[in-house]
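protein16.cif (mmCIF, N, CA and C atoms) appears below.
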```cif
data_entry
#
loop_
_atom_site.label_atom_id
_atom_site.label_comp_id
_atom_site.auth_asym_id
_atom_site.auth_seq_id
_atom_site.Cartn_x
_atom_site.Cartn_y
_atom_site.Cartn_z
N MET A 1 50.25 35.59 35.57
CA MET A 1 51.14 36.21 34.60
C MET A 1 50.31 36.98 33.56
N SER A 2 50.83 38.08 33.13
CA SER A 2 50.16 38.93 32.14
C SER A 2 50.15 38.27 30.77
N GLN A 3 49.10 38.51 30.02
CA GLN A 3 49.00 38.04 28.64
C GLN A 3 50.05 38.75 27.79
N LYS A 4 50.71 38.00 26.91
CA LYS A 4 51.69 38.59 26.01
C LYS A 4 51.01 39.04 24.72
N ILE A 5 51.35 40.25 24.30
CA ILE A 5 50.85 40.77 23.03
C ILE A 5 52.03 41.31 22.22
N TYR A 6 51.90 41.19 20.92
CA TYR A 6 52.89 41.72 19.98
C TYR A 6 52.16 42.75 19.14
N LEU A 7 52.52 44.01 19.30
CA LEU A 7 51.84 45.08 18.59
C LEU A 7 52.46 45.27 17.22
N ASP A 8 51.64 45.19 16.20
CA ASP A 8 52.07 45.47 14.84
C ASP A 8 52.40 46.97 14.76
N THR A 9 53.22 47.32 13.82
CA THR A 9 53.66 48.71 13.66
C THR A 9 52.48 49.66 13.54
N ASN A 10 51.42 49.23 12.87
CA ASN A 10 50.28 50.13 12.68
C ASN A 10 49.62 50.53 14.00
N VAL A 11 49.71 49.70 15.02
CA VAL A 11 49.12 50.05 16.32
C VAL A 11 49.96 51.13 17.00
N TYR A 12 51.29 51.00 16.92
CA TYR A 12 52.15 52.06 17.46
C TYR A 12 51.91 53.38 16.73
N LEU A 13 51.69 53.31 15.42
CA LEU A 13 51.43 54.53 14.65
C LEU A 13 50.09 55.14 15.05
N ASP A 14 49.08 54.31 15.26
CA ASP A 14 47.80 54.82 15.74
C ASP A 14 47.99 55.57 17.05
N TYR A 15 48.75 54.96 17.95
CA TYR A 15 49.00 55.53 19.28
C TYR A 15 49.78 56.85 19.17
N TYR A 16 50.89 56.82 18.49
CA TYR A 16 51.78 57.98 18.43
C TYR A 16 51.19 59.14 17.64
N LEU A 17 50.52 58.83 16.54
CA LEU A 17 49.98 59.87 15.67
C LEU A 17 48.51 60.19 15.98
N ASP A 18 47.94 59.49 16.95
CA ASP A 18 46.53 59.65 17.32
C ASP A 18 45.64 59.60 16.08
N ARG A 19 45.82 58.53 15.31
CA ARG A 19 45.10 58.41 14.05
C ARG A 19 43.63 58.07 14.26
N LYS A 20 42.85 58.44 13.28
CA LYS A 20 41.41 58.13 13.25
C LYS A 20 41.07 57.65 11.84
N ASP A 21 40.02 56.86 11.74
CA ASP A 21 39.49 56.60 10.41
C ASP A 21 38.14 57.30 10.34
N CYS A 22 37.33 56.97 9.38
CA CYS A 22 36.05 57.69 9.20
C CYS A 22 35.14 57.61 10.42
N MET A 23 35.22 56.51 11.17
CA MET A 23 34.25 56.30 12.24
C MET A 23 34.86 56.02 13.61
N ARG A 24 36.13 55.64 13.65
CA ARG A 24 36.69 55.16 14.91
C ARG A 24 37.92 55.97 15.34
N PRO A 25 38.08 56.13 16.67
CA PRO A 25 39.27 56.80 17.19
C PRO A 25 40.41 55.79 17.38
N LEU A 26 41.10 55.45 16.31
CA LEU A 26 42.12 54.39 16.35
C LEU A 26 43.20 54.70 17.38
N GLY A 27 43.60 55.97 17.46
CA GLY A 27 44.60 56.37 18.44
C GLY A 27 44.14 56.15 19.87
N GLU A 28 42.88 56.40 20.12
CA GLU A 28 42.34 56.19 21.47
C GLU A 28 42.34 54.71 21.83
N PHE A 29 41.94 53.86 20.89
CA PHE A 29 41.98 52.41 21.15
C PHE A 29 43.41 51.96 21.46
N ALA A 30 44.37 52.43 20.67
CA ALA A 30 45.77 52.06 20.89
C ALA A 30 46.26 52.59 22.24
N TRP A 31 45.87 53.83 22.58
CA TRP A 31 46.26 54.43 23.85
C TRP A 31 45.70 53.63 25.03
N LEU A 32 44.43 53.22 24.94
CA LEU A 32 43.82 52.43 26.01
C LEU A 32 44.52 51.08 26.17
N LEU A 33 44.85 50.44 25.07
CA LEU A 33 45.58 49.17 25.12
C LEU A 33 46.96 49.36 25.74
N TYR A 34 47.65 50.40 25.32
CA TYR A 34 48.97 50.74 25.85
C TYR A 34 48.88 50.91 27.37
N ASN A 35 47.87 51.66 27.83
CA ASN A 35 47.71 51.89 29.27
C ASN A 35 47.37 50.62 30.02
N GLU A 36 46.62 49.74 29.41
CA GLU A 36 46.33 48.47 30.08
C GLU A 36 47.60 47.62 30.21
N ALA A 37 48.50 47.74 29.24
CA ALA A 37 49.79 47.05 29.35
C ALA A 37 50.61 47.65 30.49
N VAL A 38 50.67 48.97 30.55
CA VAL A 38 51.41 49.63 31.63
C VAL A 38 50.83 49.24 32.99
N SER A 39 49.52 49.08 33.08
CA SER A 39 48.89 48.73 34.36
C SER A 39 48.83 47.22 34.59
N CYS A 40 49.62 46.47 33.88
CA CYS A 40 49.87 45.05 34.15
C CYS A 40 48.94 44.04 33.51
N LYS A 41 48.01 44.44 32.66
CA LYS A 41 47.17 43.44 32.01
C LYS A 41 47.95 42.70 30.93
N PHE A 42 48.87 43.38 30.27
CA PHE A 42 49.63 42.79 29.16
C PHE A 42 51.12 43.04 29.32
N VAL A 43 51.88 42.15 28.72
CA VAL A 43 53.31 42.36 28.49
C VAL A 43 53.46 42.50 26.99
N VAL A 44 54.17 43.51 26.54
CA VAL A 44 54.30 43.80 25.12
C VAL A 44 55.63 43.28 24.60
N LEU A 45 55.56 42.46 23.56
CA LEU A 45 56.77 41.98 22.88
C LEU A 45 57.04 42.90 21.70
N ILE A 46 58.32 43.17 21.47
CA ILE A 46 58.70 44.02 20.33
C ILE A 46 59.95 43.45 19.69
N SER A 47 60.04 43.60 18.39
CA SER A 47 61.20 43.11 17.65
C SER A 47 61.92 44.28 16.99
N PRO A 48 63.17 44.07 16.62
CA PRO A 48 63.90 45.10 15.88
C PRO A 48 63.21 45.47 14.57
N ASP A 49 62.41 44.54 14.04
CA ASP A 49 61.70 44.80 12.79
C ASP A 49 60.64 45.89 12.97
N VAL A 50 59.96 45.90 14.11
CA VAL A 50 58.98 46.95 14.40
C VAL A 50 59.71 48.28 14.57
N ILE A 51 60.82 48.26 15.29
CA ILE A 51 61.62 49.48 15.49
C ILE A 51 62.05 50.03 14.13
N ARG A 52 62.52 49.17 13.27
CA ARG A 52 62.97 49.58 11.93
C ARG A 52 61.82 50.19 11.12
N GLU A 53 60.66 49.56 11.17
CA GLU A 53 59.50 50.10 10.46
C GLU A 53 59.09 51.47 11.01
N LEU A 54 59.08 51.61 12.33
CA LEU A 54 58.75 52.90 12.93
C LEU A 54 59.77 53.97 12.52
N ARG A 55 61.04 53.60 12.55
CA ARG A 55 62.09 54.55 12.12
C ARG A 55 61.84 55.02 10.70
N ASN A 56 61.54 54.09 9.82
CA ASN A 56 61.33 54.43 8.41
C ASN A 56 60.08 55.27 8.18
N VAL A 57 58.98 54.90 8.81
CA VAL A 57 57.72 55.60 8.59
C VAL A 57 57.74 56.99 9.23
N LEU A 58 58.27 57.08 10.44
CA LEU A 58 58.24 58.34 11.18
C LEU A 58 59.46 59.23 10.94
N SER A 59 60.48 58.66 10.30
CA SER A 59 61.74 59.39 10.07
C SER A 59 62.33 59.92 11.38
N ILE A 60 62.35 59.06 12.39
CA ILE A 60 63.00 59.39 13.66
C ILE A 60 63.97 58.27 14.00
N ASN A 61 64.91 58.57 14.88
CA ASN A 61 65.91 57.56 15.22
C ASN A 61 65.41 56.63 16.33
N GLU A 62 66.15 55.55 16.54
CA GLU A 62 65.73 54.53 17.51
C GLU A 62 65.63 55.09 18.92
N GLN A 63 66.54 55.96 19.27
CA GLN A 63 66.49 56.57 20.61
C GLN A 63 65.19 57.34 20.82
N ASP A 64 64.74 58.06 19.80
CA ASP A 64 63.47 58.79 19.90
C ASP A 64 62.28 57.84 20.00
N ILE A 65 62.36 56.71 19.32
CA ILE A 65 61.29 55.72 19.43
C ILE A 65 61.17 55.25 20.87
N TRP A 66 62.32 54.95 21.49
CA TRP A 66 62.30 54.48 22.88
C TRP A 66 61.86 55.58 23.84
N SER A 67 62.24 56.82 23.57
CA SER A 67 61.89 57.90 24.51
C SER A 67 60.51 58.50 24.26
N LYS A 68 60.01 58.45 23.03
CA LYS A 68 58.72 59.08 22.73
C LYS A 68 57.56 58.10 22.63
N ILE A 69 57.83 56.88 22.21
CA ILE A 69 56.74 55.93 21.98
C ILE A 69 56.73 54.80 23.01
N LEU A 70 57.90 54.29 23.35
CA LEU A 70 57.98 53.10 24.19
C LEU A 70 58.33 53.38 25.65
N LYS A 71 58.53 54.63 25.99
CA LYS A 71 59.00 55.00 27.33
C LYS A 71 58.11 54.47 28.45
N GLY A 72 56.80 54.66 28.31
CA GLY A 72 55.89 54.21 29.37
C GLY A 72 55.95 52.71 29.60
N LEU A 73 56.00 51.96 28.51
CA LEU A 73 56.10 50.50 28.64
C LEU A 73 57.43 50.09 29.25
N LYS A 74 58.49 50.74 28.82
CA LYS A 74 59.82 50.41 29.34
C LYS A 74 59.92 50.76 30.82
N ASN A 75 59.44 51.95 31.20
CA ASN A 75 59.50 52.36 32.60
C ASN A 75 58.67 51.46 33.50
N ALA A 76 57.58 50.90 32.96
CA ALA A 76 56.73 49.99 33.73
C ALA A 76 57.24 48.55 33.67
N ASN A 77 58.36 48.35 32.99
CA ASN A 77 58.94 47.01 32.82
C ASN A 77 57.94 46.06 32.16
N LYS A 78 57.23 46.58 31.13
CA LYS A 78 56.20 45.81 30.44
C LYS A 78 56.52 45.58 28.97
N ILE A 79 57.80 45.64 28.63
CA ILE A 79 58.19 45.42 27.24
C ILE A 79 59.35 44.44 27.20
N ILE A 80 59.26 43.50 26.28
CA ILE A 80 60.30 42.49 26.13
C ILE A 80 60.74 42.48 24.68
N GLU A 81 62.03 42.60 24.45
CA GLU A 81 62.55 42.55 23.09
C GLU A 81 62.74 41.09 22.68
N ILE A 82 62.24 40.77 21.50
CA ILE A 82 62.41 39.42 20.95
C ILE A 82 63.07 39.54 19.58
N HIS A 83 63.68 38.46 19.14
CA HIS A 83 64.43 38.48 17.89
C HIS A 83 64.09 37.27 17.03
N SER A 84 64.26 37.46 15.75
CA SER A 84 64.07 36.39 14.80
C SER A 84 65.37 35.60 14.66
N ASP A 85 65.27 34.47 13.99
CA ASP A 85 66.47 33.69 13.63
C ASP A 85 66.21 33.08 12.25
N ASN A 86 67.14 32.31 11.75
CA ASN A 86 67.00 31.76 10.40
C ASN A 86 65.77 30.88 10.25
N GLU A 87 65.46 30.08 11.27
CA GLU A 87 64.29 29.20 11.22
C GLU A 87 62.99 30.01 11.15
N LEU A 88 62.89 31.04 11.98
CA LEU A 88 61.69 31.87 11.99
C LEU A 88 61.57 32.68 10.70
N ASP A 89 62.71 33.15 10.19
CA ASP A 89 62.70 33.87 8.91
C ASP A 89 62.19 32.96 7.79
N SER A 90 62.61 31.71 7.82
CA SER A 90 62.16 30.74 6.81
C SER A 90 60.66 30.48 6.93
N LYS A 91 60.17 30.33 8.16
CA LYS A 91 58.73 30.14 8.37
C LYS A 91 57.95 31.35 7.85
N ALA A 92 58.48 32.55 8.11
CA ALA A 92 57.82 33.78 7.66
C ALA A 92 57.78 33.85 6.14
N LYS A 93 58.86 33.47 5.48
CA LYS A 93 58.89 33.48 4.01
C LYS A 93 57.87 32.50 3.44
N ASN A 94 57.78 31.32 4.03
CA ASN A 94 56.80 30.34 3.57
C ASN A 94 55.37 30.83 3.77
N LEU A 95 55.10 31.41 4.93
CA LEU A 95 53.76 31.95 5.21
C LEU A 95 53.43 33.09 4.25
N SER A 96 54.40 33.92 3.98
CA SER A 96 54.22 35.05 3.06
C SER A 96 53.83 34.56 1.67
N ARG A 97 54.55 33.55 1.19
CA ARG A 97 54.25 32.99 -0.14
C ARG A 97 52.88 32.31 -0.15
N LYS A 98 52.63 31.50 0.86
CA LYS A 98 51.40 30.72 0.92
C LYS A 98 50.15 31.60 1.05
N GLN A 99 50.24 32.67 1.85
CA GLN A 99 49.08 33.51 2.14
C GLN A 99 49.06 34.82 1.34
N ASN A 100 50.12 35.03 0.56
CA ASN A 100 50.24 36.25 -0.25
C ASN A 100 50.13 37.52 0.60
N ILE A 101 50.93 37.55 1.66
CA ILE A 101 51.01 38.73 2.52
C ILE A 101 52.46 39.21 2.56
N PRO A 102 52.69 40.48 2.85
CA PRO A 102 54.06 40.98 2.89
C PRO A 102 54.92 40.20 3.88
N ILE A 103 56.18 40.01 3.52
CA ILE A 103 57.10 39.22 4.35
C ILE A 103 57.23 39.81 5.75
N ILE A 104 57.28 41.12 5.87
CA ILE A 104 57.43 41.72 7.20
C ILE A 104 56.21 41.42 8.07
N ASP A 105 55.04 41.42 7.48
CA ASP A 105 53.84 41.10 8.25
C ASP A 105 53.81 39.62 8.65
N SER A 106 54.25 38.77 7.76
CA SER A 106 54.30 37.35 8.12
C SER A 106 55.33 37.12 9.22
N LEU A 107 56.42 37.89 9.20
CA LEU A 107 57.42 37.77 10.27
C LEU A 107 56.83 38.21 11.61
N HIS A 108 56.09 39.31 11.63
CA HIS A 108 55.43 39.74 12.88
C HIS A 108 54.52 38.64 13.41
N LEU A 109 53.76 38.01 12.52
CA LEU A 109 52.84 36.96 12.93
C LEU A 109 53.59 35.74 13.47
N ILE A 110 54.63 35.34 12.80
CA ILE A 110 55.43 34.19 13.25
C ILE A 110 56.08 34.48 14.60
N LEU A 111 56.63 35.69 14.76
CA LEU A 111 57.25 36.05 16.05
C LEU A 111 56.22 36.01 17.18
N ALA A 112 55.04 36.53 16.93
CA ALA A 112 53.99 36.49 17.95
C ALA A 112 53.64 35.05 18.29
N ALA A 113 53.39 34.25 17.27
CA ALA A 113 52.98 32.85 17.49
C ALA A 113 54.05 32.06 18.22
N GLU A 114 55.29 32.22 17.82
CA GLU A 114 56.39 31.46 18.44
C GLU A 114 56.60 31.85 19.91
N ASN A 115 56.14 33.03 20.28
CA ASN A 115 56.30 33.50 21.66
C ASN A 115 54.99 33.47 22.44
N GLN A 116 54.01 32.70 21.93
CA GLN A 116 52.70 32.53 22.56
C GLN A 116 52.05 33.88 22.89
N ALA A 117 52.10 34.78 21.92
CA ALA A 117 51.52 36.12 22.09
C ALA A 117 50.41 36.33 21.08
N ILE A 118 49.53 37.25 21.39
CA ILE A 118 48.49 37.67 20.46
C ILE A 118 49.08 38.76 19.56
N LEU A 119 48.91 38.61 18.26
CA LEU A 119 49.30 39.68 17.34
C LEU A 119 48.17 40.71 17.34
N VAL A 120 48.49 41.94 17.68
CA VAL A 120 47.51 43.02 17.69
C VAL A 120 47.80 43.88 16.47
N THR A 121 46.81 43.94 15.56
CA THR A 121 47.04 44.59 14.27
C THR A 121 45.74 45.13 13.69
N ARG A 122 45.89 45.99 12.71
CA ARG A 122 44.75 46.47 11.93
C ARG A 122 44.83 46.00 10.48
N ASP A 123 45.90 45.30 10.12
CA ASP A 123 46.07 44.87 8.74
C ASP A 123 44.99 43.87 8.35
N SER A 124 44.25 44.23 7.31
CA SER A 124 43.12 43.40 6.89
C SER A 124 43.54 42.06 6.31
N HIS A 125 44.77 41.95 5.79
CA HIS A 125 45.16 40.67 5.20
C HIS A 125 45.35 39.57 6.24
N PHE A 126 45.24 39.89 7.52
CA PHE A 126 45.31 38.86 8.56
C PHE A 126 43.94 38.24 8.86
N GLU A 127 42.87 38.81 8.33
CA GLU A 127 41.52 38.32 8.61
C GLU A 127 41.39 36.82 8.30
N ASN A 128 41.99 36.37 7.21
CA ASN A 128 41.88 34.96 6.82
C ASN A 128 42.68 34.03 7.72
N LEU A 129 43.53 34.58 8.57
CA LEU A 129 44.40 33.75 9.40
C LEU A 129 43.96 33.68 10.86
N LYS A 130 42.84 34.32 11.18
CA LYS A 130 42.38 34.35 12.57
C LYS A 130 42.01 32.98 13.12
N GLU A 131 41.71 32.04 12.25
CA GLU A 131 41.39 30.69 12.72
C GLU A 131 42.65 29.89 13.05
N LEU A 132 43.78 30.31 12.50
CA LEU A 132 45.04 29.59 12.72
C LEU A 132 45.93 30.23 13.77
N PHE A 133 45.79 31.56 13.95
CA PHE A 133 46.67 32.30 14.85
C PHE A 133 45.84 33.21 15.76
N ALA A 134 46.44 33.59 16.88
CA ALA A 134 45.79 34.54 17.80
C ALA A 134 46.04 35.95 17.26
N ILE A 135 45.01 36.54 16.67
CA ILE A 135 45.09 37.87 16.05
C ILE A 135 43.89 38.68 16.53
N LYS A 136 44.15 39.88 17.02
CA LYS A 136 43.08 40.75 17.51
C LYS A 136 43.36 42.18 17.09
N LYS A 137 42.31 43.00 17.11
CA LYS A 137 42.43 44.45 16.98
C LYS A 137 42.51 45.02 18.40
N PRO A 138 43.09 46.21 18.56
CA PRO A 138 43.21 46.77 19.92
C PRO A 138 41.88 46.81 20.67
N GLU A 139 40.82 47.24 19.99
CA GLU A 139 39.53 47.38 20.68
C GLU A 139 38.95 46.05 21.12
N GLU A 140 39.45 44.94 20.56
CA GLU A 140 38.98 43.62 20.99
C GLU A 140 39.62 43.18 22.29
N LEU A 141 40.67 43.86 22.71
CA LEU A 141 41.38 43.47 23.93
C LEU A 141 41.18 44.43 25.10
N ILE A 142 40.70 45.62 24.82
CA ILE A 142 40.58 46.59 25.91
C ILE A 142 39.22 46.51 26.56
N ARG A 143 39.19 46.91 27.81
CA ARG A 143 37.93 47.00 28.54
C ARG A 143 37.30 48.34 28.19
N MET A 144 36.15 48.29 27.56
CA MET A 144 35.48 49.52 27.13
C MET A 144 34.50 49.97 28.21
#
```
Will you turn the file into structure tokens for me?
Amino acid sequence: MSQKIYLDTNVYLDYYLDRKDCMRPLGEFAWLLYNEAVSCKFVVLISPDVIRELRNVLSINEQDIWSKILKGLKNANKIIEIHSDNELDSKAKNLSRKQNIPIIDSLHLILAAENQAILVTRDSHFENLKELFAIKKPEELIRM
């Protein structure tokens, strides 16, 4: 069975916008990870919360997100939609307060953990949680 990964919104943005920082091709790392998922190394979990964040940041509708960003994963049957509930929302709120991280980021982490998936992210505030949760950057998962 393929490893499950939950991509944080910033990874989709790296992929879609082909972002770079001063030294690294972030978009290329995200693209390589995306392609490894399409070729069966990973199954990608996604929540409505990621869709909502993408809609807000990119100012595009949900249909465009599915057709422009998620199409390859969907066509390869490598994407699974997951949802939160009151219990998971409560866990995310507690984690957010305890670790002083944004609630939406704590929700992404809780959703990944509850579904036995690796959270793939670039958010630096997760660095302190790597000992408690499975958290990686895209380049840590791809074959270089």
Note to self: Evaluate the PyMOL selection byres (((chain A and resi 127-144 and name CA) around 7) and name CA) against this structure - the residues, as a PyMOL selection string, please.
What the structure shows: chain A and resi 29-30+32-33+113+118-122+124-126
Next item on the list: Name the residues in contact with A:Ala76 at a cut-off of 10 Å, using only C-alpha atoms, excluding same-chain residues fewer than 5 positions from it; report them as a PyMOL selection string.
Entry: chain A and resi 37-40+43+71
Next item on the list: Please report, as number ranges by chain, each residue of chain A to which DSSP assigns helix (DSSP H, G or I) when run on this structure's backbone.
Entry: A: 9-17, 26-38, 48-58, 62-69, 71-75, 86-99, 103-114, 124-129, 138-141
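What separates atom C of A:Glu62 from atom N of A:Leu111 is a distance of 21.8 Å.
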Next item on the list: Give the strand (DSSP E or B) residues of stretch 12-134 of chain A, as DSSP finds them on the backbone, and put them as an MDAnalysis selection string.
Entry: chainID A and resid 42:46 79:81 118:120
